[in-house]
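Visitor: Have a look at this one before I ask anything.
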Protein chains: 2
Amino acid sequence: MSQSNPQLNLDNQICFRLYSASRQVTRLYQPLLKEVGLTYPQYIVLLILWEQDGQLVKEIGERAELNSNTLTPLLKRLAERGLVTRSKNPDDERQTFIHLTQAGKTLEQSCACIPAQMMAKAGLSMEQIQLLKQSLDVLMAQGQR
Amino acid sequence: MSQSNPQLNLDNQICFRLYSASRQVTRLYQPLLKEVGLTYPQYIVLLILWEQDGQLVKEIGERAELNSNTLTPLLKRLAERGLVTRSKNPDDERQTFIHLTQAGKTLEQSCACIPAQMMAKAGLSMEQIQLLKQSLDVLMAQGQR
DNA sequence: CATGATTTAATCGTGTGCGATTTAATTTAG
DNA sequence: CTAAATTAAATCGCACACGATTAAATCATG
């Protein structure tokens, strides 16, 4: 427990907790997502499309805070699985529209129970959830490129 | 903003905030870590070694919540850069000891200023930090395999 | 003391993340 | 109207994460 530089102590590093907690949450989701055959980032992208179908790669990227170098391969995998379609915008061929297929839309029903199950797994009270949200929002507000 | 299933709304998903915030923090670290030529996970591993030099891969893994399939390549990169050494434990040749080199020890001084700079960047009050820590600790307490 | 179980790292394969660059299409300026 | 600048997506390269397996060493049990 003794250490030369207390500033560097891992237990004091909020960053490490955040990094661990984020991966922990992904792990908690895994058994639920495995049933529908999705990875966690794929699930995030589908959440975005279930909110609003027919978005551009760029729009999905802004929502998920991911760039095309991550999204393009991910979306191609979703397309291969028949959950979305990728089509050029005829009015601006630089853009690619992502649309849900019927299978992609249907999958939303299968995922409807996930949030409630996750809330139970996370073991946080509503109050704690609210506090956590607030803190994370402050963090996210920094460095809005 | 309207949506069929409010349960799935991304804004309500604490998971998404956590996932975004974690990557946001990594991005905030990057300019600082770039100066010392480290990635964020490499920095985490060095923090662990600066706390206690000469640990087994397994021990580092327990601290960082990472397995050998992630750690082995990462540690090999740190070894190639001359920051650590990897050596078999002669008393139990299944185990590999990781020791800091002089360069690895010296690097701690160069990193001493990072936490304070990060605190400033994060823009959280001490109170918010404490609340965030508590919430994350509750999350981490779930599913201790 | 021999053999099966366990432990520890390493390895393999897949899927992110992300900096950097490329390509193609569109917009802007001169 | 055309060349330069900008934009959107794709591509490339590298470094994680992690499930699954493998290989080697040690332990446990009969």
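Labels used: A, B, ... for chains in the order of the structure tokens, numbers from 1 for residues in each chain, and numbers from 1 for ligands as shown.
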Return as a CSV table (one decimal) with all heavy atoms, in the first residue's frame the residues belonging to chain B that are within 9 Å of chain D, counting only C-alpha atoms (C1' of nucleotides).

Guide:
```
chain,number,residue,atom,x,y,z
B,39,THR,N,0.4,4.2,-24.6
B,39,THR,CA,-1.0,4.1,-24.8
B,39,THR,C,-1.6,4.1,-23.4
B,39,THR,O,-1.0,3.9,-22.4
B,39,THR,CB,-1.4,2.8,-25.5
B,39,THR,OG1,-1.1,1.7,-24.7
B,39,THR,CG2,-0.7,2.7,-26.8
B,41,PRO,N,-3.8,1.8,-22.0
B,41,PRO,CA,-3.6,0.6,-21.2
B,41,PRO,C,-2.2,0.4,-20.7
B,41,PRO,O,-2.0,-0.2,-19.7
B,41,PRO,CB,-4.1,-0.5,-22.2
B,41,PRO,CG,-5.0,0.2,-23.2
B,41,PRO,CD,-4.4,1.6,-23.3
B,66,LEU,N,-7.4,-7.6,-16.6
B,66,LEU,CA,-7.1,-8.0,-17.9
B,66,LEU,C,-6.4,-9.4,-17.9
B,66,LEU,O,-5.8,-9.7,-16.9
B,66,LEU,CB,-6.1,-7.0,-18.6
B,66,LEU,CG,-6.6,-5.6,-18.8
B,66,LEU,CD1,-5.5,-4.7,-19.2
B,66,LEU,CD2,-7.7,-5.7,-19.9
B,67,ASN,N,-6.7,-10.2,-18.9
B,67,ASN,CA,-6.1,-11.5,-19.0
B,67,ASN,C,-4.8,-11.5,-19.8
B,67,ASN,O,-4.5,-10.5,-20.4
B,67,ASN,CB,-7.1,-12.5,-19.6
B,67,ASN,CG,-8.3,-12.7,-18.7
B,67,ASN,OD1,-8.2,-12.6,-17.5
B,67,ASN,ND2,-9.5,-12.8,-19.3
B,69,ASN,N,-4.2,-12.9,-22.6
B,69,ASN,CA,-4.4,-12.6,-24.0
B,69,ASN,C,-4.3,-11.2,-24.4
B,69,ASN,O,-4.0,-10.8,-25.5
B,69,ASN,CB,-5.7,-13.3,-24.5
B,69,ASN,CG,-6.9,-12.9,-23.7
B,69,ASN,OD1,-6.8,-12.1,-22.8
B,69,ASN,ND2,-8.0,-13.6,-23.9
B,70,THR,N,-4.6,-10.3,-23.4
B,70,THR,CA,-4.4,-8.8,-23.6
B,70,THR,C,-3.0,-8.4,-23.1
B,70,THR,O,-2.3,-7.6,-23.8
B,70,THR,CB,-5.5,-8.0,-22.9
B,70,THR,OG1,-6.7,-8.4,-23.5
B,70,THR,CG2,-5.2,-6.5,-23.1
B,74,LEU,N,0.9,-6.7,-24.8
B,74,LEU,CA,1.1,-5.4,-24.3
B,74,LEU,C,2.5,-5.3,-23.6
B,74,LEU,O,3.3,-4.4,-23.8
B,74,LEU,CB,0.0,-5.0,-23.4
B,74,LEU,CG,-0.1,-3.6,-22.8
B,74,LEU,CD1,-1.5,-3.2,-22.4
B,74,LEU,CD2,0.8,-3.4,-21.6
B,92,ASP,N,8.9,-21.6,-10.3
B,92,ASP,CA,7.7,-22.1,-11.0
B,92,ASP,C,7.7,-21.6,-12.4
B,92,ASP,O,7.2,-20.5,-12.6
B,92,ASP,CB,6.5,-21.7,-10.2
B,92,ASP,CG,5.2,-22.3,-10.8
B,92,ASP,OD1,5.2,-22.7,-11.9
B,92,ASP,OD2,4.1,-22.3,-10.1
B,93,GLU,N,8.1,-22.4,-13.3
B,93,GLU,CA,8.4,-21.9,-14.7
B,93,GLU,C,7.1,-21.6,-15.4
B,93,GLU,O,7.2,-21.2,-16.6
B,93,GLU,CB,9.3,-22.9,-15.4
B,93,GLU,CG,10.6,-23.1,-14.8
B,93,GLU,CD,11.8,-23.0,-15.7
B,93,GLU,OE1,11.6,-23.3,-16.9
B,93,GLU,OE2,12.8,-22.5,-15.3
B,94,ARG,N,5.9,-21.9,-14.8
B,94,ARG,CA,4.7,-21.4,-15.5
B,94,ARG,C,4.6,-19.9,-15.4
B,94,ARG,O,3.9,-19.3,-16.2
B,94,ARG,CB,3.5,-22.1,-14.8
B,94,ARG,CG,3.4,-23.5,-15.0
B,94,ARG,CD,2.3,-24.1,-14.2
B,94,ARG,NE,2.5,-23.8,-12.8
B,94,ARG,CZ,1.7,-24.2,-11.8
B,94,ARG,NH1,0.6,-24.9,-12.1
B,94,ARG,NH2,1.9,-24.0,-10.5
```

Visitor: May I have all residues of segment 17-112 of chain B that DSSP, computed from the backbone, assigns to strand (DSSP E or B), given as a list of chain:residue names?

Guide: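 Those residues are B:Gln55, B:Leu56, B:Val84, B:Thr85, B:Arg86, B:Ser87, B:Lys88, B:Asn89, B:Asp92, B:Glu93, B:Arg94, B:Gln95, B:Thr96, B:Phe97, B:Ile98, B:His99, B:Leu100.
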
Visitor: Taking only C-alpha atoms into account and nothing else, which residues of chain B lie no more than 8 Å away from chain A? Please answer as number ranges by chain.

Guide: B: 1-5, 7-10, 13-22, 24-25, 28, 44, 47-48, 51, 64-65, 112, 115-116, 121-124, 128-129, 131-133, 135-140, 142-143

Visitor: Select, as a list in words, those residues of chain C with any atom no more than 12 Å from chain B (distances computed using only C-alpha atoms (C1' of nucleotides)).

Guide: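 Filtering chain C at 12 Å from chain B with only C-alpha atoms (C1' of nucleotides) gives DT7, DT8, DA9, DA10, DT11, DC12, DG13, DG17, DC18 and DG19 of chain C.
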
Visitor: Can you check which residues of segment 12-96 of chain B DSSP gives as helix (DSSP H, G or I) on the backbone and send them as an MDAnalysis selection string?

Guide: chainID B and resid 12 14:36 40:51 57:64 68:80

Visitor: Selection from above, C-alpha atoms, as a PDB file, in the first residue's frame, can you write it?

Guide:
```
ATOM      1  CA  ASN B  12     -31.734   6.666 -20.802  1.00  0.00           C
ATOM      2  CA  ILE B  14     -26.464   4.585 -18.448  1.00  0.00           C
ATOM      3  CA  CYS B  15     -24.387   2.024 -20.266  1.00  0.00           C
ATOM      4  CA  PHE B  16     -23.968   4.233 -23.293  1.00  0.00           C
ATOM      5  CA  ARG B  17     -22.844   7.191 -21.191  1.00  0.00           C
ATOM      6  CA  LEU B  18     -20.311   5.006 -19.452  1.00  0.00           C
ATOM      7  CA  TYR B  19     -19.016   3.644 -22.735  1.00  0.00           C
ATOM      8  CA  SER B  20     -18.733   7.156 -24.194  1.00  0.00           C
ATOM      9  CA  ALA B  21     -17.253   8.676 -21.068  1.00  0.00           C
ATOM     10  CA  SER B  22     -14.618   5.988 -20.835  1.00  0.00           C
ATOM     11  CA  ARG B  23     -13.468   6.619 -24.379  1.00  0.00           C
ATOM     12  CA  GLN B  24     -13.674  10.356 -23.774  1.00  0.00           C
ATOM     13  CA  VAL B  25     -11.305  10.018 -20.820  1.00  0.00           C
ATOM     14  CA  THR B  26      -8.893   7.994 -22.930  1.00  0.00           C
ATOM     15  CA  ARG B  27      -8.998  10.778 -25.522  1.00  0.00           C
ATOM     16  CA  LEU B  28      -8.333  13.380 -22.834  1.00  0.00           C
ATOM     17  CA  TYR B  29      -5.284  11.408 -21.716  1.00  0.00           C
ATOM     18  CA  GLN B  30      -3.886  10.989 -25.177  1.00  0.00           C
ATOM     19  CA  PRO B  31      -2.016  14.271 -25.638  1.00  0.00           C
ATOM     20  CA  LEU B  32      -0.378  13.789 -22.237  1.00  0.00           C
ATOM     21  CA  LEU B  33       0.525  10.157 -22.835  1.00  0.00           C
ATOM     22  CA  LYS B  34       1.753  10.850 -26.339  1.00  0.00           C
ATOM     23  CA  GLU B  35       4.551  12.941 -24.821  1.00  0.00           C
ATOM     24  CA  VAL B  36       5.855   9.869 -23.002  1.00  0.00           C
ATOM     25  CA  TYR B  40      -3.640   4.312 -22.093  1.00  0.00           C
ATOM     26  CA  PRO B  41      -3.625   0.589 -21.209  1.00  0.00           C
ATOM     27  CA  GLN B  42       0.175   0.658 -21.132  1.00  0.00           C
ATOM     28  CA  TYR B  43      -0.024   3.568 -18.688  1.00  0.00           C
ATOM     29  CA  ILE B  44      -2.430   1.586 -16.496  1.00  0.00           C
ATOM     30  CA  VAL B  45      -0.015  -1.358 -16.416  1.00  0.00           C
ATOM     31  CA  LEU B  46       2.896   0.906 -15.544  1.00  0.00           C
ATOM     32  CA  LEU B  47       0.864   2.502 -12.741  1.00  0.00           C
ATOM     33  CA  ILE B  48       0.460  -1.003 -11.344  1.00  0.00           C
ATOM     34  CA  LEU B  49       4.188  -1.694 -11.608  1.00  0.00           C
ATOM     35  CA  TRP B  50       5.134   1.674 -10.119  1.00  0.00           C
ATOM     36  CA  GLU B  51       2.995   0.740  -7.115  1.00  0.00           C
ATOM     37  CA  VAL B  57       1.462 -11.447 -15.274  1.00  0.00           C
ATOM     38  CA  LYS B  58      -1.371 -12.989 -13.283  1.00  0.00           C
ATOM     39  CA  GLU B  59      -1.082 -10.400 -10.522  1.00  0.00           C
ATOM     40  CA  ILE B  60      -1.022  -7.499 -12.962  1.00  0.00           C
ATOM     41  CA  GLY B  61      -4.032  -9.053 -14.635  1.00  0.00           C
ATOM     42  CA  GLU B  62      -5.987  -9.213 -11.406  1.00  0.00           C
ATOM     43  CA  ARG B  63      -5.227  -5.576 -10.668  1.00  0.00           C
ATOM     44  CA  ALA B  64      -6.022  -4.307 -14.161  1.00  0.00           C
ATOM     45  CA  SER B  68      -2.918 -12.794 -20.516  1.00  0.00           C
ATOM     46  CA  ASN B  69      -4.374 -12.638 -24.016  1.00  0.00           C
ATOM     47  CA  THR B  70      -4.374  -8.847 -23.647  1.00  0.00           C
ATOM     48  CA  LEU B  71      -1.416  -8.465 -21.307  1.00  0.00           C
ATOM     49  CA  THR B  72       1.154 -10.676 -23.005  1.00  0.00           C
ATOM     50  CA  PRO B  73       1.365  -8.636 -26.222  1.00  0.00           C
ATOM     51  CA  LEU B  74       1.149  -5.363 -24.299  1.00  0.00           C
ATOM     52  CA  LEU B  75       3.988  -6.395 -21.976  1.00  0.00           C
ATOM     53  CA  LYS B  76       6.062  -7.545 -24.931  1.00  0.00           C
ATOM     54  CA  ARG B  77       5.710  -4.071 -26.417  1.00  0.00           C
ATOM     55  CA  LEU B  78       6.769  -2.485 -23.127  1.00  0.00           C
ATOM     56  CA  ALA B  79       9.726  -4.872 -23.063  1.00  0.00           C
ATOM     57  CA  GLU B  80      10.702  -3.988 -26.645  1.00  0.00           C
TER      58      GLU B  80
END
```

Visitor: Work out how far atom CA of Asp53 of chain B is from atom CA of Ile98 of chain B, in Å to one decimal.

Guide: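 Separation of atom CA of Ile98 of chain B and atom CA of Asp53 of chain B: 7.6 Å.
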
Visitor: For the atom pair atom CA of Ala103 of chain A and atom C1' of DT16 of chain C, what is the interatomic distance in Å to one decimal place?

Guide: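 Calculated distance between atom CA of Ala103 of chain A and atom C1' of DT16 of chain C is 23.5 Å.
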
Visitor: Please measure the separation of atom CA of Leu38 of chain A and atom CA of Thr101 of chain A, giving the value in Å to one decimal.

Guide: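 Straight-line distance from atom CA of Leu38 of chain A to atom CA of Thr101 of chain A works out to 15.6 Å.
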